[in-house]
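What follows is run-v1.cif (mmCIF, C-alpha atoms and all ligand atoms).
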data_target
#
loop_
_atom_site.label_atom_id
_atom_site.label_comp_id
_atom_site.auth_asym_id
_atom_site.auth_seq_id
_atom_site.Cartn_x
_atom_site.Cartn_y
_atom_site.Cartn_z
CA ALA A 1 -23.55 29.01 -10.57
CA PRO A 2 -19.97 27.97 -11.17
CA LEU A 3 -19.50 24.81 -13.17
CA ILE A 4 -17.68 22.26 -11.06
CA ARG A 5 -15.95 19.35 -12.74
CA LEU A 6 -15.22 16.83 -10.03
CA LEU A 7 -12.58 14.67 -11.60
CA LYS A 8 -12.55 12.55 -8.45
CA VAL A 9 -15.37 10.81 -10.27
CA ARG A 10 -12.44 8.80 -11.58
CA SER A 11 -11.97 7.34 -8.14
CA VAL A 12 -15.60 6.41 -7.79
CA VAL A 13 -15.54 4.81 -11.23
CA GLN A 14 -12.36 2.97 -10.37
CA TRP A 15 -13.94 1.28 -7.36
CA VAL A 16 -17.00 0.33 -9.38
CA PHE A 17 -15.23 -0.80 -12.53
CA PRO A 18 -11.70 -1.75 -11.45
CA ILE A 19 -10.76 -2.85 -14.97
CA TRP A 20 -11.22 0.68 -16.23
CA THR A 21 -8.88 2.22 -13.70
CA LYS A 22 -5.98 3.01 -15.96
CA TYR A 23 -8.18 4.32 -18.76
CA CYS A 24 -10.54 6.46 -16.66
CA ARG A 25 -8.02 9.18 -15.97
CA LEU A 26 -7.09 9.45 -19.63
CA ILE A 27 -10.71 9.57 -20.75
CA LEU A 28 -11.68 12.16 -18.14
CA PHE A 29 -8.75 14.40 -19.00
CA PHE A 30 -9.55 14.08 -22.68
CA LEU A 31 -13.16 15.09 -21.98
CA PHE A 32 -11.95 17.90 -19.76
CA TRP A 33 -9.69 19.49 -22.38
CA LEU A 34 -12.40 18.99 -24.98
CA GLN A 35 -14.72 20.99 -22.77
CA VAL A 36 -12.35 23.89 -22.10
CA PRO A 37 -13.59 25.85 -25.16
CA LEU A 38 -17.14 25.47 -23.80
CA LEU A 39 -16.26 26.89 -20.41
CA GLU A 40 -16.79 30.49 -19.40
CA ALA A 41 -14.81 32.86 -17.23
CA GLY A 42 -15.61 32.11 -13.58
CA ASP A 43 -16.17 28.39 -14.17
CA ILE A 44 -14.31 26.08 -11.84
CA ILE A 45 -12.45 22.89 -12.75
CA ILE A 46 -11.39 20.54 -9.97
CA ASP A 47 -8.79 17.82 -10.50
CA GLY A 48 -9.04 15.39 -7.58
CA GLY A 49 -6.63 12.78 -8.92
CA ASN A 50 -3.05 12.08 -7.78
CA SER A 51 -1.72 14.59 -10.32
CA GLU A 52 1.86 15.78 -10.52
CA TYR A 53 2.02 19.21 -8.84
CA ARG A 54 3.91 20.88 -11.72
CA ASP A 55 1.14 19.85 -14.14
CA THR A 56 -1.35 21.44 -11.75
CA THR A 57 0.66 24.67 -11.58
CA ARG A 58 0.83 24.78 -15.39
CA ARG A 59 -2.93 24.11 -15.76
CA CYS A 60 -3.71 26.71 -13.15
CA LYS A 61 -1.69 29.35 -14.99
CA GLU A 62 -3.03 28.47 -18.47
CA LEU A 63 -6.64 28.53 -17.29
CA GLN A 64 -6.15 31.72 -15.30
CA GLU A 65 -5.46 33.47 -18.63
CA LYS A 66 -8.95 32.40 -19.74
CA GLY A 67 -10.52 33.45 -16.42
CA ILE A 68 -11.23 29.80 -15.55
CA LEU A 69 -10.52 28.80 -11.97
CA PHE A 70 -8.49 25.60 -11.57
CA VAL A 71 -8.31 23.66 -8.33
CA GLY A 72 -5.90 20.75 -7.85
CA SER A 73 -7.07 18.82 -4.83
CA GLY A 74 -5.37 15.98 -3.03
CA VAL A 75 -7.94 13.34 -2.07
CA SER A 76 -7.06 10.54 0.29
CA GLY A 77 -8.94 7.76 1.99
CA GLY A 78 -9.39 4.87 -0.42
CA GLU A 79 -12.72 3.01 -0.45
CA GLU A 80 -13.65 3.97 3.10
CA GLY A 81 -12.84 7.62 2.50
CA ALA A 82 -15.03 7.62 -0.60
CA ARG A 83 -17.96 6.30 1.44
CA TYR A 84 -17.53 7.96 4.83
CA GLY A 85 -15.48 11.08 4.14
CA PRO A 86 -11.99 11.57 2.72
CA SER A 87 -9.24 13.98 3.61
CA LEU A 88 -9.24 16.78 1.02
CA MET A 89 -6.25 19.02 0.23
CA PRO A 90 -7.37 21.69 -2.27
CA GLY A 91 -5.00 24.23 -3.76
CA GLY A 92 -4.83 26.36 -6.92
CA ASP A 93 -6.81 29.43 -7.80
CA LYS A 94 -7.95 30.82 -4.45
CA GLU A 95 -10.90 32.66 -6.03
CA ALA A 96 -12.56 29.25 -6.33
CA TRP A 97 -12.35 28.50 -2.61
CA PRO A 98 -15.40 30.47 -1.36
CA HIS A 99 -17.53 28.67 -3.99
CA ILE A 100 -16.41 25.15 -3.13
CA LYS A 101 -15.53 25.46 0.57
CA LYS A 102 -18.95 24.36 1.87
CA ILE A 103 -19.14 21.35 -0.45
CA PHE A 104 -15.59 20.25 0.32
CA GLN A 105 -15.77 20.69 4.06
CA SER A 106 -19.13 18.96 4.33
CA ILE A 107 -18.02 15.84 2.43
CA ALA A 108 -14.61 15.67 4.16
CA ALA A 109 -13.93 13.45 7.18
CA LYS A 110 -14.25 15.20 10.56
CA VAL A 111 -11.99 14.92 13.59
CA ASN A 112 -13.61 14.34 16.97
CA THR A 113 -13.88 18.08 17.62
CA GLY A 114 -16.01 18.25 14.47
CA GLU A 115 -13.40 20.12 12.43
CA PRO A 116 -13.25 19.01 8.78
CA CYS A 117 -10.12 17.33 7.39
CA CYS A 118 -10.07 19.90 4.62
CA ASP A 119 -8.87 23.46 4.28
CA TRP A 120 -7.32 25.62 1.59
CA VAL A 121 -3.72 24.48 1.18
CA GLY A 122 -2.15 27.16 -1.00
CA GLU A 123 -1.51 28.51 -4.47
CA GLU A 124 -0.99 26.67 -7.80
CA GLY A 125 0.07 23.02 -7.34
CA ALA A 126 0.29 23.28 -3.52
CA GLY A 127 -2.66 20.92 -2.94
CA HIS A 128 -1.15 18.21 -5.12
CA PHE A 129 2.31 18.79 -3.64
CA VAL A 130 0.88 18.24 -0.15
CA LYS A 131 -0.91 15.08 -1.35
CA MET A 132 2.35 13.85 -2.88
CA VAL A 133 4.15 14.34 0.46
CA HIS A 134 1.23 12.59 2.20
CA ASN A 135 1.79 9.61 -0.08
CA GLY A 136 5.55 9.67 0.53
CA ILE A 137 4.89 9.62 4.28
CA GLU A 138 2.44 6.76 3.65
CA TYR A 139 5.29 4.80 2.00
CA GLY A 140 7.50 5.55 5.04
CA ASP A 141 4.87 4.51 7.61
CA MET A 142 4.19 1.27 5.72
CA GLN A 143 7.88 0.37 5.46
CA LEU A 144 8.46 1.13 9.18
CA ILE A 145 5.60 -1.22 10.08
CA CYS A 146 7.11 -3.86 7.76
CA GLU A 147 10.47 -3.56 9.51
CA ALA A 148 8.80 -4.03 12.93
CA TYR A 149 6.97 -7.09 11.51
CA HIS A 150 10.25 -8.49 10.13
CA LEU A 151 11.98 -8.10 13.52
CA MET A 152 9.06 -9.74 15.37
CA LYS A 153 8.90 -12.60 12.89
CA ASP A 154 12.59 -13.33 12.36
CA ILE A 155 14.24 -12.24 15.61
CA LEU A 156 11.51 -13.07 18.11
CA GLY A 157 10.00 -15.93 16.10
CA MET A 158 6.45 -14.70 16.70
CA GLU A 159 3.35 -16.29 15.15
CA HIS A 160 0.83 -14.28 13.11
CA ASP A 161 -1.93 -14.16 15.73
CA GLU A 162 0.59 -13.12 18.37
CA MET A 163 1.85 -10.31 16.14
CA ALA A 164 -1.75 -9.26 15.41
CA THR A 165 -2.36 -8.95 19.16
CA VAL A 166 0.77 -6.84 19.59
CA PHE A 167 -0.21 -4.46 16.76
CA GLY A 168 -3.71 -4.29 18.28
CA GLU A 169 -2.13 -3.28 21.60
CA TRP A 170 0.16 -0.76 19.92
CA ASN A 171 -2.92 0.83 18.41
CA LYS A 172 -3.90 1.92 21.91
CA THR A 173 -0.59 3.80 22.34
CA GLU A 174 1.06 6.79 20.61
CA LEU A 175 1.07 4.64 17.46
CA ASP A 176 -2.76 4.70 17.24
CA SER A 177 -3.34 4.91 13.46
CA PHE A 178 -5.22 3.46 10.51
CA LEU A 179 -2.14 1.65 9.15
CA ILE A 180 -1.37 -0.06 12.51
CA GLU A 181 -5.05 -1.04 12.80
CA ILE A 182 -5.20 -2.63 9.35
CA THR A 183 -1.86 -4.37 9.97
CA ALA A 184 -3.38 -6.14 13.00
CA ASN A 185 -6.37 -7.16 10.84
CA ILE A 186 -4.15 -8.36 7.98
CA LEU A 187 -1.97 -10.45 10.33
CA LYS A 188 -4.91 -12.36 11.74
CA PHE A 189 -6.75 -12.77 8.42
CA ARG A 190 -7.18 -16.39 7.35
CA ASP A 191 -7.65 -17.69 3.82
CA SER A 192 -10.45 -20.06 2.75
CA ASP A 193 -8.21 -22.99 3.84
CA SER A 194 -8.08 -21.46 7.39
CA LYS A 195 -4.39 -20.71 7.01
CA HIS A 196 -3.05 -17.16 7.38
CA LEU A 197 -3.14 -15.32 4.07
CA LEU A 198 -0.19 -12.98 4.64
CA PRO A 199 2.68 -15.50 4.31
CA LYS A 200 1.21 -16.65 0.98
CA ILE A 201 1.51 -13.18 -0.58
CA LYS A 202 4.52 -12.59 -2.86
CA ASP A 203 7.03 -10.27 -1.16
CA SER A 204 7.37 -7.84 -4.09
CA ALA A 205 5.85 -4.42 -3.43
CA GLY A 206 4.23 -2.43 -6.21
CA GLN A 207 4.10 1.34 -6.52
CA LYS A 208 2.28 3.85 -8.67
CA GLY A 209 4.95 6.52 -8.31
CA THR A 210 3.88 9.19 -5.82
CA GLY A 211 6.52 8.05 -3.28
CA LYS A 212 9.11 8.27 -6.05
CA TRP A 213 7.91 11.81 -6.90
CA THR A 214 8.38 12.80 -3.25
CA ALA A 215 11.93 11.44 -3.21
CA ILE A 216 12.70 13.18 -6.53
CA SER A 217 11.40 16.48 -5.14
CA ALA A 218 13.51 16.02 -2.03
CA LEU A 219 16.60 15.62 -4.22
CA GLU A 220 15.55 18.50 -6.44
CA TYR A 221 15.12 20.95 -3.55
CA GLY A 222 18.03 19.57 -1.51
CA VAL A 223 16.00 18.41 1.50
CA PRO A 224 17.25 15.27 3.31
CA VAL A 225 13.99 13.31 3.20
CA THR A 226 15.97 10.13 3.67
CA LEU A 227 13.26 7.93 5.13
CA ILE A 228 10.84 8.24 2.21
CA GLY A 229 13.76 7.68 -0.19
CA GLU A 230 14.68 4.47 1.64
CA ALA A 231 11.03 3.36 1.68
CA VAL A 232 10.88 3.73 -2.12
CA PHE A 233 14.17 1.85 -2.58
CA ALA A 234 12.97 -0.88 -0.19
CA ARG A 235 10.04 -1.47 -2.57
CA CYS A 236 12.48 -1.53 -5.51
CA LEU A 237 14.69 -4.10 -3.74
CA SER A 238 11.64 -6.19 -2.83
CA SER A 239 10.66 -6.34 -6.48
CA LEU A 240 13.98 -8.00 -7.42
CA LYS A 241 12.50 -11.27 -6.21
CA ASP A 242 14.23 -13.65 -8.64
CA GLU A 243 17.60 -12.03 -8.07
CA ARG A 244 17.11 -12.19 -4.29
CA VAL A 245 16.21 -15.86 -4.47
CA GLN A 246 19.51 -16.52 -6.28
CA ALA A 247 21.50 -14.29 -3.92
CA SER A 248 19.99 -15.96 -0.82
CA LYS A 249 21.67 -19.19 -1.93
CA ARG A 250 25.09 -17.57 -2.35
CA LEU A 251 25.48 -14.75 0.18
CA ASP A 252 26.01 -15.49 3.85
CA GLY A 253 24.75 -13.41 6.75
CA PRO A 254 26.23 -13.05 10.23
CA LYS A 255 27.05 -16.05 12.44
CA MET A 256 24.74 -14.74 15.16
CA THR A 257 21.14 -15.58 14.29
CA GLN A 258 19.58 -16.13 17.72
CA PHE A 259 18.15 -13.52 20.04
CA SER A 260 18.99 -14.15 23.66
CA GLY A 261 17.41 -11.16 25.42
CA ASN A 262 14.03 -10.56 27.02
CA LYS A 263 11.31 -10.89 24.39
CA LYS A 264 8.74 -8.65 26.09
CA ALA A 265 11.27 -5.88 26.67
CA PHE A 266 12.50 -6.16 23.05
CA LEU A 267 8.95 -5.83 21.74
CA GLU A 268 8.60 -2.57 23.65
CA ASP A 269 11.96 -1.50 22.19
CA ILE A 270 10.63 -2.19 18.67
CA ARG A 271 7.51 -0.11 19.40
CA LYS A 272 9.67 2.79 20.56
CA ALA A 273 12.01 2.45 17.56
CA LEU A 274 8.96 2.62 15.28
CA TYR A 275 7.60 5.67 17.08
CA ALA A 276 10.92 7.56 17.02
CA SER A 277 11.49 6.73 13.32
CA LYS A 278 7.97 7.90 12.51
CA ILE A 279 8.65 11.24 14.19
CA ILE A 280 11.76 11.63 12.00
CA SER A 281 9.77 10.79 8.88
CA TYR A 282 7.13 13.44 9.57
CA ALA A 283 9.82 15.96 10.54
CA GLN A 284 11.45 15.32 7.14
CA GLY A 285 8.11 15.54 5.29
CA PHE A 286 7.37 18.92 6.84
CA MET A 287 10.91 20.07 5.98
CA LEU A 288 10.12 19.32 2.34
CA LEU A 289 6.81 21.22 2.53
CA ARG A 290 8.60 24.20 4.05
CA GLN A 291 11.24 24.19 1.30
CA ALA A 292 8.59 23.93 -1.44
CA ALA A 293 6.72 26.89 0.06
CA LYS A 294 9.96 28.87 -0.08
CA GLU A 295 10.78 27.68 -3.60
CA PHE A 296 7.35 28.55 -5.07
CA GLY A 297 6.32 31.43 -2.82
CA TRP A 298 3.37 29.43 -1.44
CA THR A 299 1.82 30.32 1.89
CA ILE A 300 1.30 26.98 3.59
CA ASN A 301 -0.47 26.47 6.91
CA TYR A 302 1.42 23.51 8.43
CA GLY A 303 -0.95 23.04 11.38
CA GLY A 304 -3.83 23.03 8.89
CA ILE A 305 -2.12 20.24 6.93
CA ALA A 306 -1.67 18.15 10.10
CA LEU A 307 -5.40 18.60 10.76
CA MET A 308 -6.27 17.61 7.16
CA TRP A 309 -4.27 14.38 7.64
CA ARG A 310 -5.64 13.78 11.15
CA GLY A 311 -8.68 11.95 9.78
CA GLY A 312 -10.02 10.40 6.57
CA CYS A 313 -6.69 9.70 4.87
CA ILE A 314 -4.42 6.65 4.79
CA ILE A 315 -1.89 8.13 7.25
CA ARG A 316 -4.61 9.23 9.70
CA SER A 317 -3.48 8.91 13.28
CA ALA A 318 -3.67 10.35 16.78
CA PHE A 319 -0.04 11.39 16.26
CA LEU A 320 -1.09 14.02 13.69
CA GLY A 321 -3.08 15.72 16.44
CA LYS A 322 0.22 16.18 18.28
CA ILE A 323 1.79 17.71 15.15
CA LYS A 324 -1.16 20.09 14.88
CA ASP A 325 -0.61 21.08 18.55
CA ALA A 326 3.10 21.69 17.86
CA PHE A 327 2.31 24.10 14.99
CA ASP A 328 -0.43 25.74 17.08
CA ARG A 329 2.18 26.37 19.78
CA ASN A 330 4.58 27.80 17.20
CA PRO A 331 3.34 28.37 13.60
CA ASP A 332 6.93 29.18 12.55
CA LEU A 333 8.38 25.99 14.04
CA GLN A 334 11.53 25.29 12.01
CA ASN A 335 11.59 21.55 12.64
CA LEU A 336 9.24 19.18 14.44
CA LEU A 337 12.20 17.78 16.39
CA LEU A 338 12.69 21.18 18.02
CA ASP A 339 9.19 21.15 19.52
CA ASP A 340 9.35 20.23 23.23
CA PHE A 341 6.82 17.39 22.93
CA PHE A 342 8.62 15.67 20.03
CA LYS A 343 12.09 16.39 21.44
CA LYS A 344 11.12 14.57 24.62
CA ALA A 345 9.35 11.76 22.74
CA VAL A 346 12.49 11.00 20.71
CA GLU A 347 14.72 11.25 23.78
CA ASP A 348 12.46 8.79 25.64
CA CYS A 349 12.71 6.31 22.74
CA GLN A 350 16.36 6.78 22.01
CA ASP A 351 17.91 3.89 23.98
CA SER A 352 15.34 1.39 22.69
CA TRP A 353 15.77 2.66 19.13
CA ARG A 354 19.56 2.18 19.26
CA HIS A 355 19.19 -1.23 20.91
CA VAL A 356 16.77 -2.48 18.21
CA ILE A 357 19.02 -1.26 15.41
CA SER A 358 22.21 -2.73 16.85
CA THR A 359 20.49 -6.07 17.53
CA GLY A 360 18.90 -6.15 14.07
CA VAL A 361 22.22 -5.31 12.41
CA GLN A 362 24.03 -8.06 14.36
CA ILE A 363 21.43 -10.64 13.40
CA GLY A 364 21.29 -9.41 9.81
CA ILE A 365 17.75 -8.00 9.46
CA PRO A 366 17.39 -5.23 6.85
CA MET A 367 15.94 -2.08 8.47
CA PRO A 368 16.50 0.69 5.90
CA CYS A 369 14.00 3.10 7.44
CA PHE A 370 14.78 2.50 11.13
CA THR A 371 18.49 3.04 10.43
CA THR A 372 18.20 6.04 8.13
CA ALA A 373 15.92 7.73 10.67
CA LEU A 374 18.52 7.29 13.41
CA SER A 375 21.35 8.48 11.14
CA PHE A 376 19.31 11.56 10.29
CA TYR A 377 18.69 12.24 13.98
CA ASP A 378 22.38 11.88 14.78
CA GLY A 379 23.35 14.04 11.79
CA TYR A 380 20.82 16.76 12.55
CA ARG A 381 21.89 17.04 16.19
CA HIS A 382 25.64 17.33 15.36
CA GLU A 383 27.08 20.83 15.29
CA MET A 384 30.10 19.50 13.38
CA LEU A 385 29.84 16.93 10.60
CA PRO A 386 32.79 15.57 8.60
CA ALA A 387 31.79 17.64 5.55
CA ASN A 388 34.84 19.85 6.15
CA LEU A 389 36.85 16.93 4.75
CA ILE A 390 34.60 16.74 1.67
CA GLN A 391 35.23 20.43 1.06
CA ALA A 392 38.98 19.93 1.44
CA GLN A 393 38.91 16.93 -0.94
CA ARG A 394 36.90 18.89 -3.52
CA ASP A 395 39.31 21.76 -3.32
CA TYR A 396 42.34 19.43 -3.44
CA PHE A 397 41.38 17.64 -6.65
CA GLY A 398 39.25 20.24 -8.42
CA ALA A 399 39.99 23.66 -6.90
CA HIS A 400 36.31 23.89 -5.93
CA THR A 401 37.09 26.25 -3.01
CA TYR A 402 35.92 26.13 0.60
CA GLU A 403 34.85 28.51 3.34
CA LEU A 404 36.66 28.91 6.66
CA LEU A 405 34.49 28.77 9.77
CA SER A 406 36.14 32.02 10.79
CA LYS A 407 35.37 33.78 7.46
CA PRO A 408 31.84 32.83 6.35
CA GLY A 409 30.85 33.83 2.81
CA GLU A 410 34.47 34.01 1.59
CA PHE A 411 35.41 31.15 -0.74
CA ILE A 412 39.10 30.35 -0.94
CA HIS A 413 41.36 27.85 -2.66
CA THR A 414 44.53 26.28 -1.28
CA ASN A 415 47.41 25.01 -3.38
CA TRP A 416 47.45 21.68 -1.47
CA THR A 417 50.20 19.95 -3.47
CA GLY A 418 52.49 22.88 -4.07
CA HIS A 419 52.21 22.36 -7.85
CA GLY A 420 48.48 22.93 -8.30
CA GLY A 421 48.59 26.65 -8.99
CA ASN A 422 46.24 29.26 -7.61
CA VAL A 423 43.44 29.09 -10.19
CA SER A 424 40.14 28.05 -8.64
CA SER A 425 36.86 27.04 -10.23
CA SER A 426 33.87 29.28 -9.80
CA SER A 427 31.68 28.38 -6.83
CA TYR A 428 28.07 27.35 -7.36
CA ASN A 429 25.83 25.00 -5.49
CA ALA A 430 23.41 22.56 -7.06
C1 LIG B 1 -4.69 7.64 -0.69
C2 LIG B 1 -3.64 6.81 -1.38
C3 LIG B 1 -3.87 6.64 -2.83
C4 LIG B 1 -2.82 5.84 -3.60
C5 LIG B 1 -2.15 4.74 -2.84
C6 LIG B 1 -1.45 3.72 -3.71
O1 LIG B 1 -4.25 8.59 -0.09
O2 LIG B 1 -5.88 7.33 -0.74
O3 LIG B 1 -2.42 7.47 -1.25
O4 LIG B 1 -3.97 7.93 -3.39
O5 LIG B 1 -3.48 5.32 -4.68
O6 LIG B 1 -1.23 5.31 -1.99
O7 LIG B 1 -0.13 4.11 -3.93
P1 LIG B 1 1.02 3.12 -4.40
O8 LIG B 1 0.41 2.23 -5.44
O9 LIG B 1 2.07 3.99 -4.96
O10 LIG B 1 1.43 2.34 -3.19
#
Starting from the file, give its structure as structure tokens.
Ligand code: 6PG
Amino acid sequence: APLIRLLKVRSVVQWVFPIWTKYCRLILFFLFWLQVPLLEAGDIIIDGGNSEYRDTTRRCKELQEKGILFVGSGVSGGEEGARYGPSLMPGGDKEAWPHIKKIFQSIAAKVNTGEPCCDWVGEEGAGHFVKMVHNGIEYGDMQLICEAYHLMKDILGMEHDEMATVFGEWNKTELDSFLIEITANILKFRDSDSKHLLPKIKDSAGQKGTGKWTAISALEYGVPVTLIGEAVFARCLSSLKDERVQASKRLDGPKMTQFSGNKKAFLEDIRKALYASKIISYAQGFMLLRQAAKEFGWTINYGGIALMWRGGCIIRSAFLGKIKDAFDRNPDLQNLLLDDFFKKAVEDCQDSWRHVISTGVQIGIPMPCFTTALSFYDGYRHEMLPANLIQAQRDYFGAHTYELLSKPGEFIHTNWTGHGGNVSSSSYNA
């Protein structure tokens, strides 16, 4: 029988002995490499940690030379997932899959149709890449919820229990998800002194780095995953607590600080702004997955990924069922926004989304993810962007050349000043 090293043991150990967390991974990897000489061809090693996908690709290739099958599996679900079934995203050496499929799919969470939240993701580091994008999307979802909370608290002046009720109600709509559900629970949670715990928590967000990896990959492969990038930077800005305390005493905001509209209608606008921004975030996440598949020659089943995230994991939601349906309708769907269901959903939210952003901007509430989502939407739907001017500027000062709309593929240089000469730089794109 194949030897299976379930490194997710690390997770189990980390819940039992929290102090050991940061050492467990090191120890297990040390043991693992120590054991490599003892392994035989056909043995299977499974890394279920949040590993960096390029490490997984390298390990996969190195072990393949020895005939050892390496699987890098994303595992999501936290404590509850560990007890009741996580979402599992295995990738790597496909020869291992028939041996581990039954085990993986039986321990994974199931959606209401009984389908497991686990399927083969793809070659090499594909499983860990998909988990990394899952985590990036998790950062985005969390920041979007925080922006809705900020607007409710500071524009509408809502109390914690009132906000908890609203999030509870939202959980019965298109926003039905684990993160909305726990937000309602967090908002109503009271400390031992019967006061709400949330306002006592320091407003500096931590991060272990998977959101940052997603943003770095987006930059590396040239995919505009702007919402996850903003979510990471929002955590960075939050962590500058001392600096912000100083700045708050020196820097003024707008004169307008009061909201004069209809509170109930504005709450519905916030819900719609959150929903539309979330659609953009997932559209961007899937754009990154598509680009990675192209970059590495991976065959990725996008509908399968939506199903894997539908249950068990931190971003689990009813919404992912809709994404699965979109890829079932068209497995080659270029962008989620082009699917009829999501196109209409964004259109239906659009007025509310713009109203929330303009009101928030006027009153001075930071909304990095709401605003970047809308800018992306407006950019993506524009046939013409002002990048023609960037090309002209680049050519003007550095002879970097440009293409004419009428002559695609032909790069030319103009002597803009009359004394710049006709020499142009070579054209290459980073
Ligand atoms: C999961 C989570 C988990 C990760 C948290 C914490 O899917 O179960 O993604 O793997 O530990 O996301 O991440 P940060 O500390 O970076 O917020």
Kindly compile the residues surrounding ligand LIG 1 (chain B) within 9 Å, counting all atoms listed in the file, and format them as a PDB file with C-alpha atoms, in the coordinates of the input.
ATOM      1  CA  GLY A  49      -6.630  12.780  -8.920  1.00  0.00           C
ATOM      2  CA  ASN A  50      -3.050  12.080  -7.780  1.00  0.00           C
ATOM      3  CA  GLY A  74      -5.370  15.980  -3.030  1.00  0.00           C
ATOM      4  CA  VAL A  75      -7.940  13.340  -2.070  1.00  0.00           C
ATOM      5  CA  SER A  76      -7.060  10.540   0.290  1.00  0.00           C
ATOM      6  CA  GLY A  77      -8.940   7.760   1.990  1.00  0.00           C
ATOM      7  CA  GLY A  78      -9.390   4.870  -0.420  1.00  0.00           C
ATOM      8  CA  GLU A  79     -12.720   3.010  -0.450  1.00  0.00           C
ATOM      9  CA  GLY A  81     -12.840   7.620   2.500  1.00  0.00           C
ATOM     10  CA  PRO A  86     -11.990  11.570   2.720  1.00  0.00           C
ATOM     11  CA  SER A  87      -9.240  13.980   3.610  1.00  0.00           C
ATOM     12  CA  LYS A 131      -0.910  15.080  -1.350  1.00  0.00           C
ATOM     13  CA  MET A 132       2.350  13.850  -2.880  1.00  0.00           C
ATOM     14  CA  HIS A 134       1.230  12.590   2.200  1.00  0.00           C
ATOM     15  CA  ASN A 135       1.790   9.610  -0.080  1.00  0.00           C
ATOM     16  CA  GLY A 136       5.550   9.670   0.530  1.00  0.00           C
ATOM     17  CA  GLU A 138       2.440   6.760   3.650  1.00  0.00           C
ATOM     18  CA  TYR A 139       5.290   4.800   2.000  1.00  0.00           C
ATOM     19  CA  ALA A 205       5.850  -4.420  -3.430  1.00  0.00           C
ATOM     20  CA  GLY A 206       4.230  -2.430  -6.210  1.00  0.00           C
ATOM     21  CA  GLN A 207       4.100   1.340  -6.520  1.00  0.00           C
ATOM     22  CA  LYS A 208       2.280   3.850  -8.670  1.00  0.00           C
ATOM     23  CA  GLY A 209       4.950   6.520  -8.310  1.00  0.00           C
ATOM     24  CA  THR A 210       3.880   9.190  -5.820  1.00  0.00           C
ATOM     25  CA  GLY A 211       6.520   8.050  -3.280  1.00  0.00           C
ATOM     26  CA  LYS A 212       9.110   8.270  -6.050  1.00  0.00           C
ATOM     27  CA  GLY A 312     -10.020  10.400   6.570  1.00  0.00           C
ATOM     28  CA  CYS A 313      -6.690   9.700   4.870  1.00  0.00           C
ATOM     29  CA  ILE A 314      -4.420   6.650   4.790  1.00  0.00           C
ATOM     30  CA  ILE A 315      -1.890   8.130   7.250  1.00  0.00           C
TER      31      ILE A 315
END
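Ranking A:Asp395, A:Asp119, A:Asp269, A:Asp154 by their shortest atom-to-atom distance to Ile305 in chain A, with all atoms listed in the file included, puts A:Asp119 first.
If you measure from each of A:Tyr53, A:Tyr282, A:Tyr402, A:Phe296 to Val130 in chain A using only C-alpha atoms, the closest one turns out to be A:Tyr53.
The closest residue to Gly92 in chain A, picked from A:Val71, A:Leu151, A:Ala108, A:Ile300 and counting only C-alpha atoms, is A:Val71.
Closest to Ile103 in chain A among A:Glu410, A:Arg290, A:Lys264, A:Pro116 is A:Pro116, based on only C-alpha atoms.
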Residues near Lys272 in chain A, anyone? I mean within 8 Å using all atoms listed in the file, not counting same-chain ones fewer than 6 positions away, as an mmCIF file with C-alpha atoms, in the frame of the given file.
data_model
loop_
_atom_site.group_PDB
_atom_site.id
_atom_site.type_symbol
_atom_site.label_atom_id
_atom_site.label_comp_id
_atom_site.auth_asym_id
_atom_site.auth_seq_id
_atom_site.Cartn_x
_atom_site.Cartn_y
_atom_site.Cartn_z
ATOM 1 C CA CYS A 349 12.710 6.310 22.740
ATOM 2 C CA GLN A 350 16.360 6.780 22.010
ATOM 3 C CA SER A 352 15.340 1.390 22.690
ATOM 4 C CA TRP A 353 15.770 2.660 19.130
#
Please identify all polymer residues within 12 Å of Phe189 in chain A, counting all atoms listed in the file, omitting same-chain residues fewer than 3 positions from it, and present them as a JSON list (two decimals) with C-alpha atoms, keeping the file's coordinate frame.
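Output (result_26.json):
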[["chain", "number", "residue", "atom", "x", "y", "z"],
["A", 160, "HIS", "CA", 0.83, -14.28, 13.11],
["A", 161, "ASP", "CA", -1.93, -14.16, 15.73],
["A", 163, "MET", "CA", 1.85, -10.31, 16.14],
["A", 164, "ALA", "CA", -1.75, -9.26, 15.41],
["A", 182, "ILE", "CA", -5.20, -2.63, 9.35],
["A", 183, "THR", "CA", -1.86, -4.37, 9.97],
["A", 184, "ALA", "CA", -3.38, -6.14, 13.00],
["A", 185, "ASN", "CA", -6.37, -7.16, 10.84],
["A", 186, "ILE", "CA", -4.15, -8.36, 7.98],
["A", 192, "SER", "CA", -10.45, -20.06, 2.75],
["A", 193, "ASP", "CA", -8.21, -22.99, 3.84],
["A", 194, "SER", "CA", -8.08, -21.46, 7.39],
["A", 195, "LYS", "CA", -4.39, -20.71, 7.01],
["A", 196, "HIS", "CA", -3.05, -17.16, 7.38],
["A", 197, "LEU", "CA", -3.14, -15.32, 4.07],
["A", 198, "LEU", "CA", -0.19, -12.98, 4.64],
["A", 199, "PRO", "CA", 2.68, -15.50, 4.31],
["A", 200, "LYS", "CA", 1.21, -16.65, 0.98]]
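Between CA of Gln258 in chain A and CA of Arg354 in chain A lies a distance of 18.4 Å.
Among A:Ser204, A:Thr401, A:Gly421, A:Gly311, the residue with the shortest atom-to-atom distance to Arg244 in chain A, counting all atoms listed in the file, is A:Ser204.
Among the candidate residues A:Glu95, A:Glu159, A:Glu243, A:Glu174, the one lying nearest to Ile68 in chain A is A:Glu95, with distances computed using all atoms listed in the file.
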